[in-house]
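final_30.csv, holding CSV, N, CA and C atoms:
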```csv
chain,number,residue,atom,x,y,z
J,1,PRO,N,0.8,-1.2,0.0
J,1,PRO,CA,0.0,0.0,0.0
J,1,PRO,C,0.9,1.3,0.0
J,2,ILE,N,0.4,2.3,-0.6
J,2,ILE,CA,1.1,3.6,-0.6
J,2,ILE,C,0.6,4.4,0.6
J,3,GLU,N,1.6,4.9,1.3
J,3,GLU,CA,1.3,5.8,2.4
J,3,GLU,C,1.4,7.2,2.0
J,4,ILE,N,0.3,8.0,2.4
J,4,ILE,CA,0.3,9.4,2.1
J,4,ILE,C,0.7,10.2,3.3
J,5,ILE,N,1.7,11.0,3.1
J,5,ILE,CA,2.3,11.8,4.2
J,5,ILE,C,1.8,13.2,4.0
J,6,ASP,N,1.2,13.7,5.1
J,6,ASP,CA,0.8,15.1,5.0
J,6,ASP,C,1.9,16.1,5.3
J,7,LEU,N,2.4,16.7,4.2
J,7,LEU,CA,3.6,17.6,4.4
J,7,LEU,C,3.1,19.0,4.7
J,8,PRO,N,3.9,19.8,5.5
J,8,PRO,CA,3.5,21.1,5.7
J,8,PRO,C,3.4,21.9,4.4
J,9,SER,N,2.5,22.9,4.4
J,9,SER,CA,2.3,23.6,3.1
J,9,SER,C,3.6,24.3,2.6
J,10,ASP,N,4.5,24.6,3.5
J,10,ASP,CA,5.7,25.3,3.1
J,10,ASP,C,6.9,24.5,3.8
J,11,PRO,N,7.4,23.5,3.2
J,11,PRO,CA,8.5,22.7,3.8
J,11,PRO,C,9.8,23.4,3.8
J,12,GLU,N,9.9,24.5,3.1
J,12,GLU,CA,11.2,25.2,3.1
J,12,GLU,C,11.6,25.8,4.4
J,13,PRO,N,12.7,25.4,5.0
J,13,PRO,CA,13.1,25.9,6.3
J,13,PRO,C,13.5,27.4,6.2
J,14,PRO,N,13.3,28.2,7.3
J,14,PRO,CA,13.6,29.6,7.3
J,14,PRO,C,15.1,29.8,7.1
J,15,ARG,N,15.5,30.9,6.5
J,15,ARG,CA,16.9,31.2,6.2
J,15,ARG,C,17.4,32.1,7.3
J,16,GLN,N,18.7,32.0,7.6
J,16,GLN,CA,19.3,33.0,8.5
J,16,GLN,C,19.5,34.4,7.8
J,17,PHE,N,19.7,34.3,6.5
J,17,PHE,CA,19.9,35.6,5.7
J,17,PHE,C,19.2,35.4,4.4
J,18,SER,N,18.9,36.6,3.8
J,18,SER,CA,18.3,36.6,2.5
J,18,SER,C,19.0,37.8,1.8
J,19,GLU,N,18.9,37.8,0.4
J,19,GLU,CA,19.6,38.9,-0.3
J,19,GLU,C,19.0,40.3,0.2
J,20,ILE,N,17.7,40.3,0.4
J,20,ILE,CA,17.1,41.5,1.0
J,20,ILE,C,16.4,41.0,2.2
J,21,MET,N,16.8,41.5,3.4
J,21,MET,CA,16.3,41.0,4.6
J,21,MET,C,14.9,41.6,4.9
J,22,PRO,N,14.1,40.9,5.7
J,22,PRO,CA,12.7,41.4,6.0
J,22,PRO,C,12.8,42.8,6.6
J,23,GLN,N,11.8,43.6,6.3
J,23,GLN,CA,11.7,44.9,6.9
J,23,GLN,C,10.4,45.2,7.5
J,24,PHE,N,10.4,45.8,8.7
J,24,PHE,CA,9.2,46.2,9.4
J,24,PHE,C,8.6,47.4,8.6
J,25,PRO,N,7.3,47.6,8.4
J,25,PRO,CA,6.8,48.7,7.7
J,25,PRO,C,7.2,50.0,8.3
J,26,GLY,N,7.9,50.9,7.6
J,26,GLY,CA,8.4,52.1,8.1
J,26,GLY,C,9.9,52.0,8.6
J,27,GLY,N,10.4,50.8,8.6
J,27,GLY,CA,11.8,50.7,9.0
J,27,GLY,C,12.1,50.5,10.5
J,28,LEU,N,13.3,50.6,10.9
J,28,LEU,CA,13.7,50.3,12.3
J,28,LEU,C,13.1,51.3,13.3
J,29,ALA,N,13.0,52.6,12.9
J,29,ALA,CA,12.5,53.6,13.8
J,29,ALA,C,11.0,53.3,14.1
J,30,ALA,N,10.3,52.8,13.1
J,30,ALA,CA,8.9,52.5,13.2
J,30,ALA,C,8.7,51.2,14.1
J,31,LEU,N,9.6,50.3,14.0
J,31,LEU,CA,9.6,49.1,14.8
J,31,LEU,C,9.8,49.4,16.2
J,32,THR,N,10.8,50.2,16.5
J,32,THR,CA,11.1,50.7,17.9
J,32,THR,C,9.9,51.4,18.5
J,33,SER,N,9.3,52.3,17.7
J,33,SER,CA,8.1,53.0,18.2
J,33,SER,C,7.0,52.1,18.5
J,34,TYR,N,6.7,51.1,17.5
J,34,TYR,CA,5.6,50.2,17.7
J,34,TYR,C,5.8,49.4,19.0
J,35,LEU,N,7.0,48.8,19.2
J,35,LEU,CA,7.2,48.0,20.4
J,35,LEU,C,7.1,48.8,21.7
J,36,ALA,N,7.6,50.1,21.6
J,36,ALA,CA,7.5,50.9,22.8
J,36,ALA,C,6.0,51.2,23.2
J,37,LYS,N,5.1,51.3,22.2
J,37,LYS,CA,3.7,51.5,22.5
J,37,LYS,C,3.0,50.2,22.9
J,38,GLU,N,3.4,49.1,22.2
J,38,GLU,CA,2.7,47.8,22.4
J,38,GLU,C,3.1,47.0,23.6
J,39,ILE,N,4.3,47.1,24.0
J,39,ILE,CA,4.8,46.3,25.1
J,39,ILE,C,4.6,47.0,26.5
J,40,HIS,N,4.0,46.3,27.4
J,40,HIS,CA,3.7,46.8,28.7
J,40,HIS,C,4.7,46.2,29.7
J,41,TYR,N,5.2,47.1,30.6
J,41,TYR,CA,6.2,46.6,31.6
J,41,TYR,C,5.4,45.8,32.6
J,42,PRO,N,5.8,44.5,32.8
J,42,PRO,CA,5.1,43.6,33.7
J,42,PRO,C,5.2,44.2,35.2
J,43,GLU,N,4.1,44.2,35.9
J,43,GLU,CA,4.0,44.8,37.2
J,43,GLU,C,5.0,44.2,38.2
J,44,LEU,N,5.1,42.8,38.1
J,44,LEU,CA,6.1,42.1,39.0
J,44,LEU,C,7.5,42.6,38.7
J,45,ALA,N,7.8,42.7,37.5
J,45,ALA,CA,9.2,43.2,37.1
J,45,ALA,C,9.4,44.6,37.6
J,46,ARG,N,8.4,45.5,37.3
J,46,ARG,CA,8.5,46.9,37.8
J,46,ARG,C,8.7,47.0,39.3
J,47,ASN,N,7.9,46.2,40.0
J,47,ASN,CA,7.9,46.3,41.5
J,47,ASN,C,9.3,45.8,42.0
J,48,ASN,N,10.0,44.9,41.3
J,48,ASN,CA,11.2,44.4,41.7
J,48,ASN,C,12.4,45.0,41.0
J,49,ASN,N,12.2,46.2,40.4
J,49,ASN,CA,13.2,46.9,39.7
J,49,ASN,C,14.0,46.1,38.7
J,50,ILE,N,13.4,45.2,38.0
J,50,ILE,CA,14.0,44.4,37.0
J,50,ILE,C,14.1,45.1,35.7
J,51,GLN,N,15.3,45.3,35.2
J,51,GLN,CA,15.6,46.0,33.9
J,51,GLN,C,16.5,45.2,33.1
J,52,GLY,N,16.4,45.3,31.8
J,52,GLY,CA,17.3,44.6,30.9
J,52,GLY,C,16.7,44.4,29.5
J,53,THR,N,17.3,43.5,28.8
J,53,THR,CA,16.9,43.3,27.4
J,53,THR,C,16.6,41.8,27.2
J,54,VAL,N,15.5,41.6,26.5
J,54,VAL,CA,15.1,40.2,26.1
J,54,VAL,C,15.4,40.2,24.6
J,55,ILE,N,16.1,39.2,24.1
J,55,ILE,CA,16.3,39.1,22.7
J,55,ILE,C,15.4,38.0,22.1
J,56,VAL,N,14.5,38.4,21.2
J,56,VAL,CA,13.5,37.5,20.6
J,56,VAL,C,13.9,37.2,19.2
J,57,LYS,N,13.8,35.9,18.9
J,57,LYS,CA,14.0,35.4,17.5
J,57,LYS,C,12.7,34.9,16.9
J,58,PHE,N,12.4,35.2,15.7
J,58,PHE,CA,11.2,34.8,15.1
J,58,PHE,C,11.4,34.7,13.6
J,59,VAL,N,10.3,34.1,12.9
J,59,VAL,CA,10.4,33.9,11.5
J,59,VAL,C,9.4,34.9,10.8
J,60,VAL,N,9.9,35.6,9.8
J,60,VAL,CA,9.1,36.4,8.9
J,60,VAL,C,8.7,35.5,7.8
J,61,GLU,N,7.5,35.2,7.6
J,61,GLU,CA,7.0,34.3,6.6
J,61,GLU,C,7.0,34.9,5.2
J,62,LYS,N,6.8,34.2,4.2
J,62,LYS,CA,6.7,34.7,2.8
J,62,LYS,C,5.6,35.7,2.6
J,63,ASP,N,4.6,35.6,3.4
J,63,ASP,CA,3.5,36.6,3.3
J,63,ASP,C,3.7,37.8,4.2
J,64,GLY,N,4.8,37.8,5.0
J,64,GLY,CA,5.1,38.9,5.9
J,64,GLY,C,4.6,38.7,7.3
J,65,SER,N,3.9,37.7,7.5
J,65,SER,CA,3.4,37.4,8.9
J,65,SER,C,4.6,37.0,9.8
J,66,VAL,N,4.4,37.1,11.1
J,66,VAL,CA,5.4,36.8,12.1
J,66,VAL,C,5.0,35.5,12.8
J,67,SER,N,5.9,34.5,12.9
J,67,SER,CA,5.6,33.2,13.5
J,67,SER,C,6.8,32.7,14.3
J,68,ASN,N,6.6,31.7,15.0
J,68,ASN,CA,7.7,30.9,15.7
J,68,ASN,C,8.6,31.8,16.6
J,69,ALA,N,8.0,32.7,17.4
J,69,ALA,CA,8.8,33.6,18.2
J,69,ALA,C,9.3,32.8,19.4
J,70,SER,N,10.6,33.0,19.7
J,70,SER,CA,11.2,32.4,20.9
J,70,SER,C,12.2,33.3,21.5
J,71,VAL,N,12.4,33.1,22.8
J,71,VAL,CA,13.4,34.0,23.5
J,71,VAL,C,14.8,33.4,23.4
J,72,LEU,N,15.7,34.1,22.9
J,72,LEU,CA,17.1,33.7,22.8
J,72,LEU,C,17.9,34.1,24.0
J,73,VAL,N,17.6,35.3,24.5
J,73,VAL,CA,18.3,35.8,25.7
J,73,VAL,C,17.2,36.2,26.7
J,74,PRO,N,16.9,35.4,27.7
J,74,PRO,CA,15.9,35.8,28.7
J,74,PRO,C,16.3,36.8,29.7
J,75,LEU,N,15.3,37.5,30.3
J,75,LEU,CA,15.5,38.5,31.4
J,75,LEU,C,14.8,38.0,32.7
J,76,PHE,N,13.5,37.9,32.6
J,76,PHE,CA,12.7,37.6,33.7
J,76,PHE,C,11.4,37.0,33.1
J,77,PRO,N,10.8,35.9,33.7
J,77,PRO,CA,9.7,35.2,33.0
J,77,PRO,C,8.6,36.1,32.5
J,78,ASP,N,8.2,37.1,33.3
J,78,ASP,CA,7.1,38.0,32.9
J,78,ASP,C,7.5,38.9,31.7
J,79,CYS,N,8.7,39.3,31.8
J,79,CYS,CA,9.3,40.2,30.7
J,79,CYS,C,9.4,39.4,29.4
J,80,ASP,N,9.9,38.1,29.5
J,80,ASP,CA,10.0,37.2,28.4
J,80,ASP,C,8.7,37.0,27.7
J,81,LYS,N,7.6,36.7,28.5
J,81,LYS,CA,6.3,36.5,27.9
J,81,LYS,C,5.8,37.7,27.2
J,82,GLU,N,6.0,38.9,27.9
J,82,GLU,CA,5.5,40.1,27.3
J,82,GLU,C,6.2,40.5,26.0
J,83,ALA,N,7.5,40.2,25.9
J,83,ALA,CA,8.2,40.5,24.7
J,83,ALA,C,7.7,39.6,23.6
J,84,ILE,N,7.5,38.3,23.9
J,84,ILE,CA,6.9,37.4,22.8
J,84,ILE,C,5.5,37.9,22.4
J,85,ARG,N,4.7,38.3,23.3
J,85,ARG,CA,3.3,38.7,23.0
J,85,ARG,C,3.4,40.0,22.1
J,86,GLY,N,4.3,40.9,22.4
J,86,GLY,CA,4.5,42.1,21.6
J,86,GLY,C,5.0,41.8,20.2
J,87,ILE,N,5.9,40.9,20.1
J,87,ILE,CA,6.5,40.5,18.8
J,87,ILE,C,5.4,39.8,17.9
J,88,LEU,N,4.6,38.9,18.5
J,88,LEU,CA,3.6,38.2,17.8
J,88,LEU,C,2.4,39.1,17.4
J,89,SER,N,2.3,40.3,18.0
J,89,SER,CA,1.2,41.2,17.7
J,89,SER,C,1.5,42.1,16.5
J,90,MET,N,2.8,42.1,16.0
J,90,MET,CA,3.2,43.0,15.0
J,90,MET,C,2.4,42.8,13.7
J,91,PRO,N,2.3,44.0,13.0
J,91,PRO,CA,1.6,43.9,11.7
J,91,PRO,C,2.6,43.1,10.7
J,92,LYS,N,2.1,42.8,9.5
J,92,LYS,CA,2.9,42.1,8.5
J,92,LYS,C,4.1,42.9,8.1
J,93,TRP,N,5.2,42.2,7.9
J,93,TRP,CA,6.4,42.8,7.5
J,93,TRP,C,6.5,42.7,5.9
J,94,GLN,N,7.5,43.4,5.4
J,94,GLN,CA,7.9,43.2,4.0
J,94,GLN,C,8.8,42.0,4.1
J,95,PRO,N,8.4,40.9,3.4
J,95,PRO,CA,9.2,39.6,3.6
J,95,PRO,C,10.6,39.8,3.0
J,96,GLY,N,11.5,38.9,3.4
J,96,GLY,CA,12.9,38.9,2.8
J,96,GLY,C,12.8,38.2,1.5
J,97,THR,N,13.7,38.6,0.6
J,97,THR,CA,13.7,38.0,-0.8
J,97,THR,C,15.1,37.6,-1.2
J,98,THR,N,15.1,36.5,-1.9
J,98,THR,CA,16.3,36.0,-2.5
J,98,THR,C,16.0,35.7,-4.0
J,99,MET,N,16.8,36.2,-4.9
J,99,MET,CA,16.6,36.0,-6.3
J,99,MET,C,15.2,36.4,-6.7
J,100,GLY,N,14.7,37.5,-6.1
J,100,GLY,CA,13.4,38.1,-6.5
J,100,GLY,C,12.2,37.4,-5.9
J,101,LYS,N,12.4,36.3,-5.1
J,101,LYS,CA,11.3,35.5,-4.6
J,101,LYS,C,11.3,35.7,-3.1
J,102,ALA,N,10.1,35.8,-2.5
J,102,ALA,CA,9.9,35.9,-1.1
J,102,ALA,C,10.4,34.6,-0.4
J,103,VAL,N,11.1,34.7,0.7
J,103,VAL,CA,11.6,33.5,1.4
J,103,VAL,C,11.3,33.7,2.9
J,104,ARG,N,11.2,32.6,3.6
J,104,ARG,CA,11.0,32.6,5.0
J,104,ARG,C,12.4,32.9,5.6
J,105,CYS,N,12.4,33.8,6.6
J,105,CYS,CA,13.7,34.3,7.1
J,105,CYS,C,13.6,34.5,8.6
J,106,TYR,N,14.6,34.1,9.3
J,106,TYR,CA,14.7,34.4,10.8
J,106,TYR,C,15.1,35.9,10.9
J,107,TYR,N,14.6,36.5,12.1
J,107,TYR,CA,14.9,37.8,12.4
J,107,TYR,C,15.0,37.9,13.9
J,108,GLN,N,15.9,38.8,14.5
J,108,GLN,CA,16.0,38.9,15.9
J,108,GLN,C,15.8,40.4,16.3
J,109,VAL,N,15.1,40.6,17.4
J,109,VAL,CA,14.9,41.9,17.9
J,109,VAL,C,15.1,42.0,19.4
J,110,PRO,N,15.9,43.0,19.8
J,110,PRO,CA,16.1,43.2,21.3
J,110,PRO,C,14.9,44.0,21.8
J,111,VAL,N,14.3,43.6,22.9
J,111,VAL,CA,13.2,44.3,23.6
J,111,VAL,C,13.7,44.7,24.9
J,112,LYS,N,13.8,46.1,25.1
J,112,LYS,CA,14.4,46.6,26.3
J,112,LYS,C,13.3,46.9,27.3
J,113,PHE,N,13.6,46.6,28.5
J,113,PHE,CA,12.7,46.9,29.7
J,113,PHE,C,13.5,47.8,30.6
J,114,GLN,N,13.1,49.1,30.6
J,114,GLN,CA,13.9,50.1,31.4
J,114,GLN,C,12.9,50.9,32.2
J,115,LEU,N,13.2,51.1,33.5
J,115,LEU,CA,12.4,51.9,34.3
J,115,LEU,C,12.8,53.4,34.3
```
Starting from the file, give its structure as structure tokens.
Amino acid sequence: PIEIIDLPSDPEPPRQFSEIMPQFPGGLAALTSYLAKEIHYPELARNNNIQGTVIVKFVVEKDGSVSNASVLVPLFPDCDKEAIRGILSMPKWQPGTTMGKAVRCYYQVPVKFQL
């Protein structure tokens, strides 16, 4: 008998780099501004004077959507969760391209928590 395997719709693994890297609408300044408005300082972290940077890695898909967010450099559990939530709430990006075609691409963003 022939076995049918259900493959993911996009089996291509994300790339570390592309000829043209993904871009947030409006560029880095707009990304910084968006995260500053979207991310809320967790109360427990604020009450304990926890400050620092969470580095989040994620995939910008071919359609510009953001997926697979994970913490590369943690700070404090509540801050880590909030950073992931903020990243996953982002609007669609301009996807990365290689040889004129959109490709899945990894991207990293530092999320600063400063009192």
- prompt: atom CA of J:Pro14 to atom CA of J:Val66: how many Å, to one decimal?
  reply: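 Between these atoms lies a distance of 11.9 Å.
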message: Considering all atoms listed in the file, can you say which of J:Thr53, J:Asn47, J:Gln16, J:Ser89 comes closest to J:Pro110?
response: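 Ranking J:Thr53, J:Asn47, J:Gln16, J:Ser89 by distance to J:Pro110, first place goes to J:Thr53.
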task: Using all atoms listed in the file, pick whichever of J:Asp80, J:Glu61, J:Glu43, J:Glu19 has the shortest atom-to-atom distance to J:Cys105.
output: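 Of the candidates, the smallest distance to J:Cys105 is held by J:Glu61.
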- prompt: Quick one, how far is atom C of J:Gly96 from atom CA of J:Ala30?
  reply: 18.9 Å
field: strand (DSSP E) positions in chain J, given as an NGL selection string
entry: :J and (52-60 or 66-73 or 96-98 or 101-103 or 105-113)
